[in-house]
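The structure appears right after this line, and notes come after that.
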Amino acid sequence: MSIAARRLLGLAFANADMLLEIESGGVILLALGAAQATLGADEAALVGRSWRELVVEADRPMLEALFAGLEDGARRPPLVVRIAGHPGRAVAFTARRLPDNDGRISCAVLAAPPPPAAGSSASDGLLEREGFEVIARSLMDAAKVTGQQLELAMVEMAGLGDARDVLGGAAGAALERQVAGALRAESHQGSAAARLGEDRFVLLREPGENAATMVRRLSRVVATHAGGQSLRAAAHAVPLESGSPARLARALRYALDDFIAEGLKDVPPISLSQAMDRSVRRTLTRAGELGAAVSQRRFTLAYQPVVDIHTGLAHHHEALVRFEDGGSPFTMVRMAEEFDLIEELDQAVVEQVVRQLKGDRTGKLKLAANISGRSIGSEVFVAGMERLIKADARLKDKLIFEITESAAIDDLEVANRHIQSLRGLGCTVCLDDFGAGAASFAYLQRLSVDVVKIDGRYVRDLASDGRDGALVRHLVQLCKELEVKTVAEMVETPEIEDAARKAGVDFAQGWLYGRPADRPEPAINHEAAVPIVARRTGASKEWR
Ligand code: C2E
Ligand code: MG
Ligand code: MG
């Protein structure tokens with residue numbers, strides 16, 4: 001080797017443990033340096049192999065995207081990949097494609113600490129939102145010391161869901177993996193990208209490059225895997241400004257909320273604070289609209305049957321509020337709780353439920369209304385309920401209150417006093433969403449109720465007989481000892497119903513028996529009724 005070449009090598013190794021040259025198909029042409037210590041094989045043994053064999057499967061799409069997105073002469077920031085067969089070992093890859101070099105890629109490889117494990121539960125290495133916020137906060141903290149500047153890029157990939165569905169099966173899953181890899185390849189060290197929704201992603205990246213350049217690269221890389229389906233990528237980038245950690249964390253949260261709810265807007269925010277202001281303004285506007293919808297009673301109720309699990313007959317119906325969009329009210333209910341609108345909403349819903357009960361000519365209808373944990377703690381709300389119930393003797397035995405766990409109950413003693421006064425008037429009281437919140441057992445201990453509704457997340461997995469099965473069985477046993485009835489919600493299949501029955505559950509609710517509908521159907525008319533499931537499976541007798 002001539003002196004000049006040695007000098008050149010010295011320079012190249014100044015920031016590398018290993019040098020690799022890779023041909024366009026992925027085969028390693030040249031390997032020089034600390035091959036064993038970094039990639040786990042000798043220099044000579046590396047030549048002729050594909051780089052893919054060296055890297056863990058989950059990180060391959062990311063390096064593929066890095067290589068595919070290289071423009072001649074351009075160099076991209078390093079990506080950290082994990083080495084196959086060597087748990088805990090990782091290297092940082094920096095790649096460059098020199099012009100007039102037959103498309104060959106020159107890589108500098110440097111031993112590196114493995115990427116943080118936080119929040120990356122998906123096998124494709126994309127983070128969940130929570131994990132992303134944790135990593136973003138720690139990078140913002142580190143930036144104060146290292147001076148490393150980063151920006152937040154919000155990326156929308158319109159058409160991704162449709163393309164995946166059209167491609168279907170293995171091709172659809174492969175597209176998802178490649179998209180994940182392409183996004184990670186754009187993110188800081190390859191481990192700071194998260195999925196926020198079907199077509200919405202967020203990542204942290206080194207500033208300095210126009211977001212449009214990133215979008216062009218992403219579009220090019222992804223298009224090769226989209227099977228001709230059209231995907232339209234767009235992105236906005238905002239700097240991660242400095243400020244107190246608490247303020248930054250809040251700004252980040254609001255900016256992500258805004259992006260999830262609204263997508264990218266025509267006018268990109270110029271800073272995280274601006275994105276936050278926008279989100280706060282939008283939230284206040286929506287809260288105002290919700291307040292108006294509640295006070296003007298602009299909502300309807302949907303009714304879903306709750307059946308006796310032994311007879312399959314409808315026992316009562318749960319009333320579920322629906323706003324003008326017709327979708328799940330969950331976020332509206334949360335907002336109503338945050339903006340002190342919940343008592344008025346719950347009161348209005350119960351009034352409507354009572355009207356429905358009064359209009360029932362069969363005399364059999366029983367309805368459950370959902371009451372927030374916030375409302376049951378309110379003297380004014382409960383006094384209003386008492387007046388309503390006392391005003392009509394027919395309501396006794398027909399009105400059920402489900403206390404939801406969407407908001408914590410502040411004072412259990414007060415709540416229990418209120419619950420006993422409603423029960424004293426003949427109403428049934430149910431603890432909803434049991435197991436969804438941390439306080440469920442404390443509630444069961446301190447609140448005397450008639451019924452416990454087991455949260456759907458435990459019920460849905462009941463048939464697979466894992467830990468959830470054991471949990472439900474023990475909970476049912478506990479309720480039996482306390483003389484409390486149980487309802488399983490989200491019973492979607494006969495298998496789940498069967499498992500719930502075997503676990504000793506008394507009542508069931510879910511798509512197996514009926515989705516929420518405009519009217520309480522099937523009607524409750526026990527003498528003539530046929531079990532809902534029998535009817536569903538084609539039994540001859542009709543409901544009357
Ligand atoms: P929840 O009280 O636990 O109501 C059950 C939810 O599960 C309903 O969602 C229902 O549509 C859904 N569901 C029922 N069966 C199945 C099934 O088999 N599979 C699946 N995947 N889902 C099923 P919805 O209507 O979106 O309501 C969401 C939550 O909003 C309710 O949960 C309740 O906490 C709250 N909510 C609804 N109406 C009111 C109300 O008038 N006041 C208050 N405070 N909260 C309400
Ligand atoms: Mg409920
Ligand atoms: Mg529930």
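Here's how to read the names in the structure tokens: chain A, B, ... by the order shown, residue numbers from 1 in each chain, ligand numbers from 1 in the order shown.
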Practice task
Would you mind writing down, as an MDAnalysis selection string, each residue of region 30-265 of chain A that DSSP on the backbone assigns to alpha helix (DSSP H)?
Solution key: chainID A and resid 35:39 43:46 60:68 129:146 160:167 169:186 211:223 245:262
Would you list the contacts of Gly190 (chain A) as a compact mmCIF listing (two decimals) with C-alpha atoms, in the first residue's frame, taking every protein, DNA or RNA residue within 10 Å and counting only C-alpha atoms, but skipping same-chain residues closer than 2 positions in sequence?
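What ended up in part08.txt:
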```txt
# COMPACT_ATOMS: atom_id res chain seq x y z
CA ASP A 59 -33.36 -2.76 11.74
CA MET A 62 -34.13 1.26 8.22
CA LEU A 63 -30.71 0.65 6.65
CA LEU A 66 -30.88 4.88 4.34
CA PRO A 77 -26.47 11.46 9.88
CA PRO A 78 -25.47 8.18 11.58
CA LEU A 79 -28.00 5.47 12.37
CA VAL A 80 -27.55 3.01 15.21
CA VAL A 81 -28.35 -0.62 14.30
CA ALA A 92 -23.51 3.53 14.22
CA PRO A 115 -30.59 2.34 21.26
CA GLY A 125 -38.88 -0.27 16.08
CA LEU A 126 -41.31 2.65 15.87
CA GLY A 181 -37.85 1.77 8.39
CA ALA A 182 -37.92 4.86 6.17
CA LEU A 183 -39.20 7.02 9.03
CA ARG A 184 -36.67 5.65 11.48
CA ALA A 185 -33.90 6.32 8.92
CA GLU A 186 -34.90 10.00 9.05
CA SER A 187 -34.87 10.13 12.85
CA HIS A 188 -32.07 10.92 15.29
CA ALA A 192 -36.62 8.57 17.62
CA ALA A 193 -39.64 8.01 15.37
CA LEU A 203 -39.80 12.05 14.61
CA LEU A 204 -36.86 13.97 16.00
CA ARG A 205 -34.09 14.77 13.57
```
Problem - strand (DSSP E or B) per DSSP on the backbone: members of region 228-468 of chain A, as a ChimeraX atom specification - result: /A:232-239,300-308,314-322,367-371,399-403,428-434,451-454
Handout entry: Selection as a list of chain:residue names: residues within 10 Å of ligand 3 by only C-alpha atoms and all ligand atoms
Key =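 If we count only C-alpha atoms and all ligand atoms, the neighbours of ligand 3 turn out to be A:Asn370, A:Glu402, A:Ile403, A:Thr404, A:Glu405, A:Ser406, A:Leu431, A:Asp432, A:Asp433, A:Phe434, A:Gly435, A:Ala436, A:Val452, A:Lys453, A:Ile454, A:Asp455, A:Gly456, A:Arg457, A:Val487, A:Ala488, A:Glu489, A:Met490, A:Gln509.
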Exercise for the section: All residues within 6 Å of ligand 1 are required, counting only C-alpha atoms and all ligand atoms; please report them as a ChimeraX atom specification. Expected result: /A:320-321,328-330,333,346,349,370-372,404,433,490-492,509-511,516
Problem - Leu478 (chain A) environment, 12 Å, only C-alpha atoms, sequence neighbours closer than 5 positions dropped, as a PyMOL selection string - result: chain A and resi 441+444-445+452+471-473+483-486+503-505
Using the selection just defined, write its residues with N, CA, C and O atoms as a compact mmCIF listing (two decimals), in the first residue's frame.
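Written file, part03.txt:
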```txt
# COMPACT_ATOMS: atom_id res chain seq x y z
N PHE A 441 -60.29 -1.56 42.99
CA PHE A 441 -60.50 -2.35 44.20
C PHE A 441 -60.85 -1.46 45.38
O PHE A 441 -61.68 -1.84 46.23
N LEU A 444 -64.48 -0.77 45.10
CA LEU A 444 -65.30 -1.91 45.47
C LEU A 444 -65.35 -2.06 47.00
O LEU A 444 -66.36 -2.45 47.57
N GLN A 445 -64.24 -1.74 47.62
CA GLN A 445 -64.15 -1.86 49.07
C GLN A 445 -64.98 -0.78 49.77
O GLN A 445 -65.63 -1.05 50.77
N VAL A 452 -71.22 -4.98 39.46
CA VAL A 452 -69.90 -4.55 38.97
C VAL A 452 -69.82 -4.93 37.50
O VAL A 452 -70.15 -6.05 37.12
N LEU A 471 -58.01 -13.54 36.34
CA LEU A 471 -58.41 -12.31 36.99
C LEU A 471 -59.93 -12.20 37.07
O LEU A 471 -60.50 -11.89 38.12
N VAL A 472 -60.59 -12.48 35.94
CA VAL A 472 -62.05 -12.37 35.90
C VAL A 472 -62.68 -13.38 36.86
O VAL A 472 -63.58 -13.05 37.64
N ARG A 473 -62.18 -14.62 36.85
CA ARG A 473 -62.74 -15.64 37.75
C ARG A 473 -62.63 -15.21 39.21
O ARG A 473 -63.58 -15.33 39.98
N GLU A 483 -71.93 -10.33 47.54
CA GLU A 483 -73.31 -10.31 47.03
C GLU A 483 -73.53 -9.20 46.02
O GLU A 483 -74.50 -8.44 46.06
N VAL A 484 -72.58 -9.08 45.14
CA VAL A 484 -72.66 -8.10 44.06
C VAL A 484 -72.74 -8.86 42.74
O VAL A 484 -71.99 -9.80 42.52
N LYS A 485 -73.69 -8.48 41.88
CA LYS A 485 -73.82 -9.14 40.57
C LYS A 485 -72.72 -8.66 39.64
O LYS A 485 -72.17 -7.57 39.82
N THR A 486 -72.43 -9.43 38.60
CA THR A 486 -71.39 -9.02 37.65
C THR A 486 -71.91 -8.98 36.21
O THR A 486 -72.76 -9.78 35.83
N ALA A 503 -66.93 -18.56 34.02
CA ALA A 503 -66.28 -17.80 35.11
C ALA A 503 -67.29 -17.39 36.17
O ALA A 503 -66.92 -16.89 37.22
N GLY A 504 -68.60 -17.59 35.88
CA GLY A 504 -69.62 -17.28 36.88
C GLY A 504 -70.26 -15.91 36.73
O GLY A 504 -70.98 -15.46 37.62
N VAL A 505 -70.01 -15.24 35.60
CA VAL A 505 -70.56 -13.91 35.37
C VAL A 505 -72.09 -14.01 35.23
O VAL A 505 -72.60 -14.99 34.69
```
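With only C-alpha atoms taken into account, the protein and nucleic acid residues at most 9 Å from Ile400 (chain A) (excluding it and anything under 4 positions from it in its own chain) are His316, Glu318, Lys366, Leu367, Ala368, Ala369, Asn370, Cys427, Thr428, Val429 and Cys430 of chain A.
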Fill in the blank from the handout: note - CA of Met276 (chain A) and CA of Met154 (chain A) are separated by 13.8 Å
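The residue set within 7 Å of region 407-417 of chain A, counting only C-alpha atoms and dropping same-chain residues fewer than 5 places from it, reads Ser372, Gly373, Arg374, Ile376, Gly377, Arg446, Leu447 and Ser448 of chain A.
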